[in-house]
$ cat run-v7.pdb   # PDB, C-alpha atoms
ATOM      1  CA  MET A 688     -29.197  -0.189  -6.174
ATOM      2  CA  LYS A 689     -26.470   2.437  -6.456
ATOM      3  CA  LYS A 690     -23.188   2.568  -4.538
ATOM      4  CA  ILE A 691     -20.455   5.164  -4.999
ATOM      5  CA  LEU A 692     -17.140   3.434  -4.322
ATOM      6  CA  LEU A 693     -14.821   6.205  -5.504
ATOM      7  CA  ASP A 694     -16.468   9.604  -5.292
ATOM      8  CA  GLU A 695     -15.340  12.431  -7.565
ATOM      9  CA  ASN A 696     -17.261  14.864  -5.338
ATOM     10  CA  LYS A 697     -14.799  14.191  -2.521
ATOM     11  CA  LYS A 698     -11.165  15.214  -2.706
ATOM     12  CA  TYR A 699      -8.329  12.917  -3.662
ATOM     13  CA  TYR A 700      -5.079  13.277  -1.726
ATOM     14  CA  LYS A 701      -1.925  11.921  -3.347
ATOM     15  CA  ALA A 702       0.104   9.821  -0.915
ATOM     16  CA  ASN A 703       3.307   7.796  -0.710
ATOM     17  CA  LEU A 704       2.941   5.125   1.973
ATOM     18  CA  HIS A 705       6.513   3.771   1.943
ATOM     19  CA  CYS A 706       9.345   6.260   2.441
ATOM     20  CA  HIS A 707      12.885   6.265   3.865
ATOM     21  CA  THR A 708      14.924   9.265   4.983
ATOM     22  CA  THR A 709      18.225  10.002   6.703
ATOM     23  CA  GLU A 710      16.556   8.701   9.878
ATOM     24  CA  SER A 711      17.459   5.273   8.466
ATOM     25  CA  ASP A 712      19.046   4.455   5.075
ATOM     26  CA  GLY A 713      17.579   7.194   2.875
ATOM     27  CA  VAL A 714      19.619  10.035   1.414
ATOM     28  CA  MET A 715      17.072  12.841   1.932
ATOM     29  CA  THR A 716      16.095  14.405   5.230
ATOM     30  CA  PRO A 717      12.389  14.414   6.136
ATOM     31  CA  VAL A 718      12.272  18.115   5.220
ATOM     32  CA  GLU A 719      13.808  17.410   1.805
ATOM     33  CA  VAL A 720      11.337  14.583   1.239
ATOM     34  CA  LYS A 721       8.453  16.907   2.040
ATOM     35  CA  GLU A 722       9.737  19.585  -0.354
ATOM     36  CA  LEU A 723      10.238  17.100  -3.201
ATOM     37  CA  TYR A 724       6.878  15.408  -2.838
ATOM     38  CA  LYS A 725       4.884  18.603  -2.384
ATOM     39  CA  ALA A 726       6.439  19.865  -5.615
ATOM     40  CA  HIS A 727       4.972  16.788  -7.328
ATOM     41  CA  GLY A 728       1.463  17.217  -5.988
ATOM     42  CA  TYR A 729       1.610  14.960  -2.933
ATOM     43  CA  SER A 730      -0.279  15.795   0.250
ATOM     44  CA  VAL A 731       0.549  12.756   2.413
ATOM     45  CA  ILE A 732       3.733  10.852   3.238
ATOM     46  CA  ALA A 733       3.919   7.846   5.547
ATOM     47  CA  PHE A 734       7.464   8.016   6.887
ATOM     48  CA  THR A 735       8.434   4.366   7.301
ATOM     49  CA  ASP A 736      12.073   4.410   8.323
ATOM     50  CA  HIS A 737      13.462   1.064   9.423
ATOM     51  CA  GLU A 738      12.551  -0.478  12.762
ATOM     52  CA  HIS A 739      11.565   2.650  14.725
ATOM     53  CA  LEU A 740       8.637   5.044  14.774
ATOM     54  CA  ILE A 741       9.772   8.656  14.424
ATOM     55  CA  ASP A 742       7.378  11.538  15.080
ATOM     56  CA  ASN A 743       7.519  13.805  11.997
ATOM     57  CA  SER A 744       4.414  15.825  12.842
ATOM     58  CA  TYR A 745       6.516  19.016  12.851
ATOM     59  CA  LEU A 746       6.298  18.790   9.033
ATOM     60  CA  ASN A 747       2.513  19.152   8.977
ATOM     61  CA  ASP A 748       0.912  22.205   7.444
ATOM     62  CA  ASP A 749      -2.377  23.067   5.727
ATOM     63  CA  ASP A 750      -1.313  21.196   2.575
ATOM     64  CA  PHE A 751       0.842  18.376   3.945
ATOM     65  CA  LEU A 752       0.362  15.519   6.389
ATOM     66  CA  ALA A 753       3.032  13.209   7.805
ATOM     67  CA  LEU A 754       1.799   9.772   8.849
ATOM     68  CA  THR A 755       3.802   7.947  11.517
ATOM     69  CA  GLY A 756       5.133   4.560  10.484
ATOM     70  CA  CYS A 757       8.058   2.190  10.252
ATOM     71  CA  GLU A 758       9.213  -0.779   8.193
ATOM     72  CA  VAL A 759      10.184  -3.956  10.008
ATOM     73  CA  ALA A 760      11.985  -7.039   8.735
ATOM     74  CA  ILE A 761      11.666 -10.725   9.566
ATOM     75  CA  LYS A 762      14.544 -12.667   8.052
ATOM     76  CA  GLN A 763      14.787 -16.316   7.203
ATOM     77  CA  PHE A 764      18.139 -16.359   8.991
ATOM     78  CA  PRO A 765      18.593 -13.324  11.286
ATOM     79  CA  ASP A 766      22.325 -14.004  11.692
ATOM     80  CA  GLN A 767      23.724 -13.094   8.265
ATOM     81  CA  SER A 768      27.376 -13.554   9.138
ATOM     82  CA  THR A 769      27.791 -16.641   6.924
ATOM     83  CA  LEU A 770      25.073 -15.864   4.365
ATOM     84  CA  VAL A 771      24.740 -13.634   1.347
ATOM     85  CA  LYS A 772      21.841 -11.298   2.087
ATOM     86  CA  THR A 773      20.426 -11.367  -1.435
ATOM     87  CA  ASP A 774      20.167 -15.165  -1.417
ATOM     88  CA  MET A 775      17.714 -15.552   1.435
ATOM     89  CA  LYS A 776      14.029 -14.923   1.919
ATOM     90  CA  VAL A 777      12.823 -12.054   4.035
ATOM     91  CA  CYS A 778       9.467 -10.556   4.937
ATOM     92  CA  HIS A 779       9.105  -6.777   5.247
ATOM     93  CA  LEU A 780       6.039  -5.185   6.806
ATOM     94  CA  ASN A 781       5.051  -1.545   7.079
ATOM     95  CA  PHE A 782       3.273  -0.411  10.239
ATOM     96  CA  ILE A 783       1.284   2.833   9.858
ATOM     97  CA  ALA A 784      -0.079   4.288  13.085
ATOM     98  CA  LYS A 785      -3.836   4.871  13.094
ATOM     99  CA  ARG A 786      -3.465   7.615  15.711
ATOM    100  CA  ALA A 787      -1.213  10.621  15.398
ATOM    101  CA  ASP A 788      -0.050  10.271  19.000
ATOM    102  CA  ASN A 789       0.944   6.608  18.701
ATOM    103  CA  VAL A 790       4.741   6.628  18.515
ATOM    104  CA  ASP A 791       5.358   3.417  20.469
ATOM    105  CA  THR A 792       7.158   0.974  18.144
ATOM    106  CA  PRO A 793       5.566  -2.506  18.253
ATOM    107  CA  CYS A 794       7.458  -5.791  17.870
ATOM    108  CA  TYR A 795      10.836  -4.221  18.628
ATOM    109  CA  SER A 796      13.874  -6.491  18.249
ATOM    110  CA  SER A 797      17.434  -5.469  19.081
ATOM    111  CA  ILE A 798      18.687  -7.975  16.478
ATOM    112  CA  TYR A 799      17.348  -5.654  13.767
ATOM    113  CA  ASP A 800      18.196  -2.406  15.570
ATOM    114  CA  HIS A 801      20.788  -1.008  13.172
ATOM    115  CA  PHE A 802      19.208   1.815  11.162
ATOM    116  CA  LEU A 803      18.644   4.626  13.629
ATOM    117  CA  ASN A 804      19.951   8.165  13.371
ATOM    118  CA  GLU A 805      22.024   8.540  16.546
ATOM    119  CA  SER A 806      20.484  11.926  17.331
ATOM    120  CA  ASN A 807      17.046  10.332  17.713
ATOM    121  CA  LYS A 808      17.930   7.431  20.009
ATOM    122  CA  ASP A 809      16.548   9.173  23.075
ATOM    123  CA  LYS A 810      13.243   9.904  21.297
ATOM    124  CA  VAL A 811      12.351   6.348  20.313
ATOM    125  CA  ILE A 812       9.824   4.404  22.393
ATOM    126  CA  HIS A 813       9.442   0.623  22.360
ATOM    127  CA  SER A 814       7.711  -0.076  25.647
ATOM    128  CA  CYS A 815       6.768  -3.645  24.664
ATOM    129  CA  GLY A 816      10.379  -4.650  25.259
ATOM    130  CA  GLU A 817      12.198  -7.304  23.275
ATOM    131  CA  TYR A 818      10.065  -9.186  20.720
ATOM    132  CA  GLU A 819      11.211 -12.482  19.204
ATOM    133  CA  ARG A 820      10.571 -12.411  15.467
ATOM    134  CA  VAL A 821      10.105 -15.821  13.878
ATOM    135  CA  TYR A 822      10.203 -16.337  10.112
ATOM    136  CA  SER A 823       7.227 -18.671   9.666
ATOM    137  CA  HIS A 824       3.540 -18.387   8.801
ATOM    138  CA  GLU A 825       2.638 -18.428  12.473
ATOM    139  CA  GLY A 826       5.426 -16.058  13.518
ATOM    140  CA  ILE A 827       4.633 -13.429  10.907
ATOM    141  CA  ALA A 828       0.866 -13.696  11.413
ATOM    142  CA  LYS A 829       1.507 -13.187  15.137
ATOM    143  CA  MET A 830       3.480  -9.999  14.390
ATOM    144  CA  ILE A 831       0.703  -8.730  12.109
ATOM    145  CA  LYS A 832      -1.831  -9.313  14.870
ATOM    146  CA  CYS A 833       0.386  -7.675  17.486
ATOM    147  CA  ALA A 834       0.798  -4.532  15.374
ATOM    148  CA  SER A 835      -2.890  -4.457  14.419
ATOM    149  CA  ASP A 836      -3.957  -4.854  18.050
ATOM    150  CA  ASN A 837      -1.668  -1.947  18.951
ATOM    151  CA  GLY A 838      -3.304   0.395  16.443
ATOM    152  CA  PHE A 839      -1.441  -0.026  13.159
ATOM    153  CA  LEU A 840      -2.344  -0.686   9.541
ATOM    154  CA  VAL A 841      -0.040  -3.453   8.308
ATOM    155  CA  THR A 842       1.174  -3.678   4.704
ATOM    156  CA  TYR A 843       3.075  -6.594   3.203
ATOM    157  CA  ASN A 844       5.903  -5.143   1.080
ATOM    158  CA  HIS A 845       7.606  -6.092  -2.226
ATOM    159  CA  PRO A 846       7.094  -9.894  -2.441
ATOM    160  CA  SER A 847       9.448 -10.327  -5.438
ATOM    161  CA  TRP A 848      12.360  -8.452  -3.856
ATOM    162  CA  SER A 849      11.763 -10.555  -0.745
ATOM    163  CA  LEU A 850      12.104 -13.768  -2.823
ATOM    164  CA  GLU A 851       8.724 -14.878  -1.482
ATOM    165  CA  ASN A 852       5.892 -16.588  -3.319
ATOM    166  CA  ALA A 853       2.394 -17.847  -2.578
ATOM    167  CA  SER A 854       3.693 -20.674  -0.399
ATOM    168  CA  ASP A 855       5.037 -17.964   1.897
ATOM    169  CA  TYR A 856       2.627 -15.012   1.877
ATOM    170  CA  LEU A 857      -0.633 -16.998   1.871
ATOM    171  CA  GLY A 858       0.130 -17.750   5.509
ATOM    172  CA  TYR A 859       0.384 -14.055   6.444
ATOM    173  CA  LYS A 860      -3.109 -13.567   7.848
ATOM    174  CA  GLY A 861      -4.598 -10.281   9.019
ATOM    175  CA  LEU A 862      -2.917  -7.818   6.648
ATOM    176  CA  TRP A 863      -4.495  -4.467   5.798
ATOM    177  CA  ALA A 864      -2.890  -4.286   2.341
ATOM    178  CA  VAL A 865      -0.246  -5.696   0.016
ATOM    179  CA  GLU A 866       2.226  -3.540  -1.860
ATOM    180  CA  ALA A 867       1.325  -4.310  -5.476
ATOM    181  CA  TYR A 868       3.869  -1.922  -7.015
ATOM    182  CA  ASN A 869       7.243  -0.826  -5.648
ATOM    183  CA  HIS A 870       8.825   1.968  -7.652
ATOM    184  CA  SER A 871      12.370   1.731  -6.270
ATOM    185  CA  CYS A 872      12.543  -1.949  -7.177
ATOM    186  CA  MET A 873      11.238  -1.226 -10.673
ATOM    187  CA  VAL A 874      13.762   1.518 -11.432
ATOM    188  CA  ALA A 875      16.526  -0.752 -10.115
ATOM    189  CA  GLY A 876      15.542  -3.390 -12.692
ATOM    190  CA  LEU A 877      13.531  -5.828 -10.574
ATOM    191  CA  PHE A 878       9.964  -6.340 -11.812
ATOM    192  CA  GLU A 879       7.862  -5.508  -8.765
ATOM    193  CA  TYR A 880       4.298  -5.271 -10.060
ATOM    194  CA  ASP A 881       2.845  -7.931  -7.779
ATOM    195  CA  ILE A 882      -0.853  -7.857  -8.645
ATOM    196  CA  HIS A 883      -0.776 -11.667  -8.746
ATOM    197  CA  ALA A 884       0.084 -11.667  -5.038
ATOM    198  CA  TYR A 885      -2.916  -9.452  -4.377
ATOM    199  CA  ASP A 886      -5.220 -11.833  -6.241
ATOM    200  CA  ASP A 887      -3.646 -14.838  -4.490
ATOM    201  CA  LEU A 888      -4.403 -13.303  -1.095
ATOM    202  CA  LEU A 889      -7.927 -12.274  -2.118
ATOM    203  CA  ARG A 890      -8.718 -15.737  -3.463
ATOM    204  CA  SER A 891      -7.452 -17.272  -0.233
ATOM    205  CA  GLY A 892     -10.146 -15.316   1.650
ATOM    206  CA  GLU A 893      -8.238 -12.216   2.780
ATOM    207  CA  ARG A 894     -10.143  -8.925   2.421
ATOM    208  CA  ILE A 895      -7.306  -6.519   1.967
ATOM    209  CA  GLY A 896      -6.274  -3.558  -0.167
ATOM    210  CA  CYS A 897      -3.448  -2.993  -2.624
ATOM    211  CA  VAL A 898      -1.085  -0.025  -2.620
ATOM    212  CA  PHE A 899       1.499   1.400  -4.992
ATOM    213  CA  ALA A 900       4.461   3.015  -3.242
ATOM    214  CA  ASP A 901       7.956   4.339  -3.839
ATOM    215  CA  ASP A 902      10.006   2.732  -1.063
ATOM    216  CA  ASN A 903      12.247   5.678  -1.862
ATOM    217  CA  HIS A 904      15.766   5.728  -0.507
ATOM    218  CA  SER A 905      17.014   8.161  -3.151
ATOM    219  CA  LEU A 906      15.786  10.701  -5.663
ATOM    220  CA  LYS A 907      15.843   8.078  -8.412
ATOM    221  CA  GLY A 908      13.271   5.912  -6.646
ATOM    222  CA  SER A 909      10.912   8.757  -5.774
ATOM    223  CA  VAL A 910       7.543  10.051  -7.068
ATOM    224  CA  GLY A 911       6.770   6.972  -9.172
ATOM    225  CA  GLY A 912       4.013   5.041  -7.370
ATOM    226  CA  TRP A 913       1.247   6.441  -5.198
ATOM    227  CA  VAL A 914      -2.217   6.054  -3.746
ATOM    228  CA  MET A 915      -5.022   8.564  -4.223
ATOM    229  CA  VAL A 916      -6.919   8.742  -0.943
ATOM    230  CA  ASN A 917     -10.604   9.622  -1.395
ATOM    231  CA  ALA A 918     -11.158  11.486   1.884
ATOM    232  CA  GLU A 919     -13.310  14.283   3.256
ATOM    233  CA  LYS A 920     -10.347  16.424   4.311
ATOM    234  CA  LEU A 921      -6.605  16.441   4.901
ATOM    235  CA  GLY A 922      -6.348  15.419   8.532
ATOM    236  CA  TYR A 923      -4.778  12.453  10.287
ATOM    237  CA  ASP A 924      -8.079  10.890  11.356
ATOM    238  CA  SER A 925      -9.777  11.509   8.013
ATOM    239  CA  ILE A 926      -6.931  10.069   5.929
ATOM    240  CA  ILE A 927      -6.542   7.021   8.179
ATOM    241  CA  SER A 928     -10.299   6.406   8.114
ATOM    242  CA  ALA A 929     -10.310   6.401   4.307
ATOM    243  CA  LEU A 930      -7.242   4.150   4.168
ATOM    244  CA  GLU A 931      -8.673   1.730   6.702
ATOM    245  CA  LYS A 932     -11.892   1.430   4.661
ATOM    246  CA  HIS A 933      -9.908   1.051   1.416
ATOM    247  CA  GLU A 934     -11.353   4.267   0.011
ATOM    248  CA  PHE A 935      -8.473   4.905  -2.381
ATOM    249  CA  TYR A 936      -6.952   3.664  -5.587
ATOM    250  CA  SER A 937      -3.314   3.167  -6.552
ATOM    251  CA  SER A 938      -1.476   4.382  -9.637
ATOM    252  CA  ASN A 939       1.797   5.008 -11.418
ATOM    253  CA  GLY A 940       0.172   7.083 -14.157
ATOM    254  CA  PRO A 941      -3.538   6.835 -15.030
ATOM    255  CA  VAL A 942      -6.220   8.763 -13.121
ATOM    256  CA  ILE A 943      -9.456   7.240 -11.843
ATOM    257  CA  LYS A 944     -12.131   9.846 -11.275
ATOM    258  CA  SER A 945     -15.027   7.740 -10.031
ATOM    259  CA  LEU A 946     -16.347   4.213  -9.636
ATOM    260  CA  VAL A 947     -20.077   3.673  -9.265
ATOM    261  CA  ILE A 948     -22.064   0.443  -8.983
ATOM    262  CA  GLU A 949     -25.535   0.698 -10.503
ATOM    263  CA  ASP A 950     -27.509  -2.536 -10.172
ATOM    264  CA  ASP A 951     -25.418  -5.124 -12.070
ATOM    265  CA  LYS A 952     -23.166  -2.602 -13.816
ATOM    266  CA  ALA A 953     -19.923  -0.932 -12.779
ATOM    267  CA  VAL A 954     -19.304   2.517 -14.248
ATOM    268  CA  LEU A 955     -15.640   3.556 -14.212
ATOM    269  CA  THR A 956     -14.612   7.082 -15.225
ATOM    270  CA  TYR A 957     -10.929   7.723 -15.846
ATOM    271  CA  GLU A 958      -8.225   9.767 -17.566
ATOM    272  CA  LYS A 959      -4.851   8.976 -19.191
ATOM    273  CA  GLY A 960      -5.807   5.369 -19.906
ATOM    274  CA  ALA A 961      -5.993   3.374 -23.134
ATOM    275  CA  TYR A 962      -8.375   0.776 -21.706
ATOM    276  CA  ALA A 963      -9.771  -0.654 -18.468
ATOM    277  CA  THR A 964     -10.325  -4.175 -17.179
ATOM    278  CA  ILE A 965     -12.382  -5.957 -14.542
ATOM    279  CA  SER A 966     -10.995  -8.962 -12.646
ATOM    280  CA  CYS A 967     -12.935 -11.304 -10.385
ATOM    281  CA  GLN A 968     -12.448 -14.173  -7.958
ATOM    282  CA  SER A 969     -12.902 -16.552 -10.888
ATOM    283  CA  ARG A 970     -11.038 -16.306 -14.200
ATOM    284  CA  ARG A 971     -13.829 -14.203 -15.712
ATOM    285  CA  ALA A 972     -12.532 -10.873 -16.937
ATOM    286  CA  GLN A 973     -13.391  -8.105 -19.381
ATOM    287  CA  ARG A 974     -11.398  -5.453 -21.204
ATOM    288  CA  LYS A 975     -13.207  -2.293 -22.245
ATOM    289  CA  TYR A 976     -11.998   0.598 -24.353
ATOM    290  CA  ALA A 977     -13.464   3.844 -23.118
ATOM    291  CA  GLU A 978     -16.571   5.434 -24.480
ATOM    292  CA  ASN A 979     -16.436   9.205 -24.641
ATOM    293  CA  ILE A 980     -19.448  10.426 -22.680
ATOM    294  CA  ASP A 981     -19.762  14.168 -22.126
ATOM    295  CA  GLY A 982     -16.030  14.558 -22.743
ATOM    296  CA  GLU A 983     -14.989  11.881 -20.233
ATOM    297  CA  ASN A 984     -13.631   8.348 -20.664
ATOM    298  CA  VAL A 985     -16.183   5.904 -19.293
ATOM    299  CA  ALA A 986     -16.053   2.105 -19.226
ATOM    300  CA  VAL A 987     -19.124   0.086 -18.217
ATOM    301  CA  PHE A 988     -18.699  -3.487 -16.993
ATOM    302  CA  ASP A 989     -21.152  -6.278 -16.246
ATOM    303  CA  ILE A 990     -21.180  -7.722 -12.716
ATOM    304  CA  LEU A 991     -22.369 -11.220 -11.843
ATOM    305  CA  PRO A 992     -23.142 -10.783  -8.126
ATOM    306  CA  ASP A 993     -23.753 -14.464  -7.427
ATOM    307  CA  LYS A 994     -20.617 -15.648  -9.250
ATOM    308  CA  ASP A 995     -17.889 -13.014  -9.167
ATOM    309  CA  GLY A 996     -16.944 -13.186  -5.470
ATOM    310  CA  TYR A 997     -14.999  -9.957  -5.690
ATOM    311  CA  ILE A 998     -14.419  -7.387  -8.419
ATOM    312  CA  ARG A 999     -11.507  -5.039  -8.967
ATOM    313  CA  PHE A1000     -10.557  -2.711 -11.815
ATOM    314  CA  ASP A1001      -7.378  -1.720 -13.658
ATOM    315  CA  VAL A1002      -6.782   1.204 -15.996
ATOM    316  CA  VAL A1003      -3.833   0.812 -18.379
ATOM    317  CA  ASP A1004      -2.233   3.554 -20.484
ATOM    318  CA  LYS A1005      -0.380   3.210 -23.811
ATOM    319  CA  ASP A1006       2.961   2.832 -21.985
ATOM    320  CA  GLY A1007       1.734   0.064 -19.686
ATOM    321  CA  ASN A1008       1.347   2.241 -16.590
ATOM    322  CA  ARG A1009      -1.574   1.265 -14.403
ATOM    323  CA  ALA A1010      -4.124   2.408 -11.908
ATOM    324  CA  ASN A1011      -5.601  -0.346  -9.730
ATOM    325  CA  THR A1012      -8.653  -0.177  -7.514
ATOM    326  CA  ASN A1013      -9.020  -2.228  -4.393
ATOM    327  CA  ALA A1014     -11.223  -5.296  -4.463
ATOM    328  CA  TYR A1015     -14.934  -4.972  -3.688
ATOM    329  CA  PHE A1016     -16.804  -8.008  -2.415
ATOM    330  CA  CYS A1017     -20.167  -8.921  -3.896
ATOM    331  CA  ASP A1018     -21.648 -10.141  -0.611
ATOM    332  CA  GLU A1019     -20.984  -6.714   0.899
ATOM    333  CA  LEU A1020     -22.123  -4.775  -2.171
ATOM    334  CA  TYR A1021     -25.310  -6.735  -2.692
ATOM    335  CA  GLY A1022     -26.052  -8.121   0.770
ATOM    336  CA  ILE A1023     -25.899 -11.740  -0.390
TER     337      ILE A1023
END

$ encode --input "run-v7.pdb" --output "structure tokens"
Amino acid sequence: MKKILLDENKKYYKANLHCHTTESDGVMTPVEVKELYKAHGYSVIAFTDHEHLIDNSYLNDDDFLALTGCEVAIKQFPDQSTLVKTDMKVCHLNFIAKRADNVDTPCYSSIYDHFLNESNKDKVIHSCGEYERVYSHEGIAKMIKCASDNGFLVTYNHPSWSLENASDYLGYKGLWAVEAYNHSCMVAGLFEYDIHAYDDLLRSGERIGCVFADDNHSLKGSVGGWVMVNAEKLGYDSIISALEKHEFYSSNGPVIKSLVIEDDKAVLTYEKGAYATISCQSRRAQRKYAENIDGENVAVFDILPDKDGYIRFDVVDKDGNRANTNAYFCDELYGI
């Protein structure tokens, strides 16, 4: 049995899936964001300004693709007049439209409607009308389902910044991915490498992906966390298809070239890493230092198909930067 999970014969497109501009509380215009990110090798940006979908397709060219998205908030106490914002829990979700022509904002709430560039007010569509957001397991899961049913990939953002823990996010059913690394939070001094949240959600039965993203509001928080989308071509449908199927890995430094399952072995080829690890549904794990095979770093891991539940891989460089794969489930890989 051989399965190619990350294919070096297909292209990788560097993407930031969490981005803010002057359309909400960012300091760069969409054009400036495009120029900065293209200069750093990016091909894809999901523009996720707060609370409203904005069509940025005018930015598209042969080497750049704008995905339509927005970030929405569900607050523990929506009325902040007597509360300090940084003392309360909040849940932030990114909605990324699966179709280029879907610019109808789901789950709109006027309570949160405070981040829109005035010049775009007449362009924003929220035909669903007023949506009551409820900060609870049921309320947030209902929002995730609403957005998913309306054609969006839903990411759960920055758990640590949100002051949330497993007692909160394990009730958020139906997510497409969790944000495992948030670069803006990290450069601001808040440790936001939330791989534990990813494993918590996986071990609770969720089959989701993990993404690294910038959440950039400024230059300082930019070009520090990304996903590498393993797609056939740079087009809206092709990129979304690869994202939806979790055909990507995430990184803030190391490069994964390929991941191949051969019988009960996983063969990981990578660059810029000191070592690689495998993690599973249980506490079983392995760390492997690369073998140099034909000039490439290769780590080979054992798989226990009947015991591991899921497998995922990390590559770590000498400075502690990481590349994380998504989880792969043994029942799907092996038909068990």

$ residues_around --input "run-v7.pdb" --residues "A:His933" --least-positions-apart "2" --cutoff "9 Å" --atoms "all atoms listed in the file" --output "compact mmCIF listing (two decimals) with C-alpha atoms, in the coordinates of the input"
# COMPACT_ATOMS: atom_id res chain seq x y z
CA TRP A 863 -4.50 -4.47 5.80
CA ALA A 864 -2.89 -4.29 2.34
CA ILE A 895 -7.31 -6.52 1.97
CA GLY A 896 -6.27 -3.56 -0.17
CA CYS A 897 -3.45 -2.99 -2.62
CA VAL A 916 -6.92 8.74 -0.94
CA SER A 928 -10.30 6.41 8.11
CA ALA A 929 -10.31 6.40 4.31
CA LEU A 930 -7.24 4.15 4.17
CA GLU A 931 -8.67 1.73 6.70
CA PHE A 935 -8.47 4.90 -2.38
CA TYR A 936 -6.95 3.66 -5.59
CA ASN A 1013 -9.02 -2.23 -4.39
CA ALA A 1014 -11.22 -5.30 -4.46

$ resolve_selection --input "run-v7.pdb" --expression "the PyMOL selection byres ((chain A and resi 986) around 6)" --output "MDAnalysis selection string"
chainID A and resid 954:955 977 985 987

$ closest_residue --input "run-v7.pdb" --among "A:Tyr1021, A:Phe782, A:Tyr962, A:Tyr859" --to "A:Gly1007" --atoms "all atoms listed in the file"
A:Tyr962

$ atom_distance --input "run-v7.pdb" --atom1 "atom CA of A:Cys757" --atom2 "atom CA of A:Ser871"
17.1 Å

$ atom_distance --input "run-v7.pdb" --atom1 "atom CA of A:Ser796" --atom2 "atom CA of A:Leu740"
13.1 Å

$ resolve_selection --input "run-v7.pdb" --expression "the PyMOL selection byres ((chain A and resi 691-698) around 9)" --output "list in words"
Lys689, Lys690, Tyr699, Tyr700, Val916, Asn917, Ala918, Glu919, Lys920, Leu921, Glu934, Phe935, Tyr936, Ile943, Lys944, Ser945, Leu946, Val947, Ile948, Glu949 and Tyr1015 of chain A

$ atom_distance --input "run-v7.pdb" --atom1 "atom CA of A:Ala875" --atom2 "atom CA of A:Asp901"
11.8 Å

$ resolve_selection --input "run-v7.pdb" --expression "the PyMOL selection byres ((chain A and resi 714-726) around 10)" --output "ChimeraX atom specification"
/A:701-703,706-713,727-732,734,743,745-747,750-753,903-906,909-910

$ write_last_selection --input "run-v7.pdb" --atoms "C-alpha atoms" --output "CSV table (one decimal), in the coordinates of the input"
chain,number,residue,atom,x,y,z
A,701,LYS,CA,-1.9,11.9,-3.3
A,702,ALA,CA,0.1,9.8,-0.9
A,703,ASN,CA,3.3,7.8,-0.7
A,706,CYS,CA,9.3,6.3,2.4
A,707,HIS,CA,12.9,6.3,3.9
A,708,THR,CA,14.9,9.3,5.0
A,709,THR,CA,18.2,10.0,6.7
A,710,GLU,CA,16.6,8.7,9.9
A,711,SER,CA,17.5,5.3,8.5
A,712,ASP,CA,19.0,4.5,5.1
A,713,GLY,CA,17.6,7.2,2.9
A,727,HIS,CA,5.0,16.8,-7.3
A,728,GLY,CA,1.5,17.2,-6.0
A,729,TYR,CA,1.6,15.0,-2.9
A,730,SER,CA,-0.3,15.8,0.2
A,731,VAL,CA,0.5,12.8,2.4
A,732,ILE,CA,3.7,10.9,3.2
A,734,PHE,CA,7.5,8.0,6.9
A,743,ASN,CA,7.5,13.8,12.0
A,745,TYR,CA,6.5,19.0,12.9
A,746,LEU,CA,6.3,18.8,9.0
A,747,ASN,CA,2.5,19.2,9.0
A,750,ASP,CA,-1.3,21.2,2.6
A,751,PHE,CA,0.8,18.4,3.9
A,752,LEU,CA,0.4,15.5,6.4
A,753,ALA,CA,3.0,13.2,7.8
A,903,ASN,CA,12.2,5.7,-1.9
A,904,HIS,CA,15.8,5.7,-0.5
A,905,SER,CA,17.0,8.2,-3.2
A,906,LEU,CA,15.8,10.7,-5.7
A,909,SER,CA,10.9,8.8,-5.8
A,910,VAL,CA,7.5,10.1,-7.1

$ axis_aligned_box --input "run-v7.pdb" --around "stretch 986-989 of chain A" --padding-each-side "5 Å" --output "AutoDock Vina command-line options"
--center_x -18.6 --center_y -2.1 --center_z -17.7 --size_x 15.1 --size_y 18.4 --size_z 13.0

$ closest_residue --input "run-v7.pdb" --among "A:Ile927, A:Met830, A:His739, A:Asn837" --to "A:Lys785" --atoms "all atoms listed in the file"
A:Ile927

$ residues_around --input "run-v7.pdb" --residues "A:Gly876" --least-positions-apart "5" --cutoff "12 Å" --atoms "all atoms listed in the file" --output "list in words"
Ser847, Trp848, Asn869, His870, Ser871 and Gly908 of chain A

$ closest_residue --input "run-v7.pdb" --among "A:Thr956, A:Arg894, A:Ser966, A:Ser744" --to "A:Lys932" --atoms "all atoms listed in the file"
A:Arg894

$ closest_residue --input "run-v7.pdb" --among "A:Ala900, A:Ala760, A:Ile798, A:Leu889" --to "A:Ile831" --atoms "only C-alpha atoms"
A:Ala760

$ closest_residue --input "run-v7.pdb" --among "A:Asp836, A:Asp736, A:Glu866, A:Asp924" --to "A:Glu879" --atoms "all atoms listed in the file"
A:Glu866

$ closest_residue --input "run-v7.pdb" --among "A:Arg970, A:Lys959, A:Lys994, A:Lys860" --to "A:Asp1006" --atoms "all atoms listed in the file"
A:Lys959

$ residues_near_point --input "run-v7.pdb" --point "(1.9, -5.0, 8.3)" --cutoff "7 Å" --atoms "all atoms listed in the file" --output "CSV table (one decimal) with C-alpha atoms, in the frame of the given file"
chain,number,residue,atom,x,y,z
A,780,LEU,CA,6.0,-5.2,6.8
A,781,ASN,CA,5.1,-1.5,7.1
A,782,PHE,CA,3.3,-0.4,10.2
A,831,ILE,CA,0.7,-8.7,12.1
A,840,LEU,CA,-2.3,-0.7,9.5
A,841,VAL,CA,0.0,-3.5,8.3
A,842,THR,CA,1.2,-3.7,4.7
A,843,TYR,CA,3.1,-6.6,3.2
A,862,LEU,CA,-2.9,-7.8,6.6
A,863,TRP,CA,-4.5,-4.5,5.8
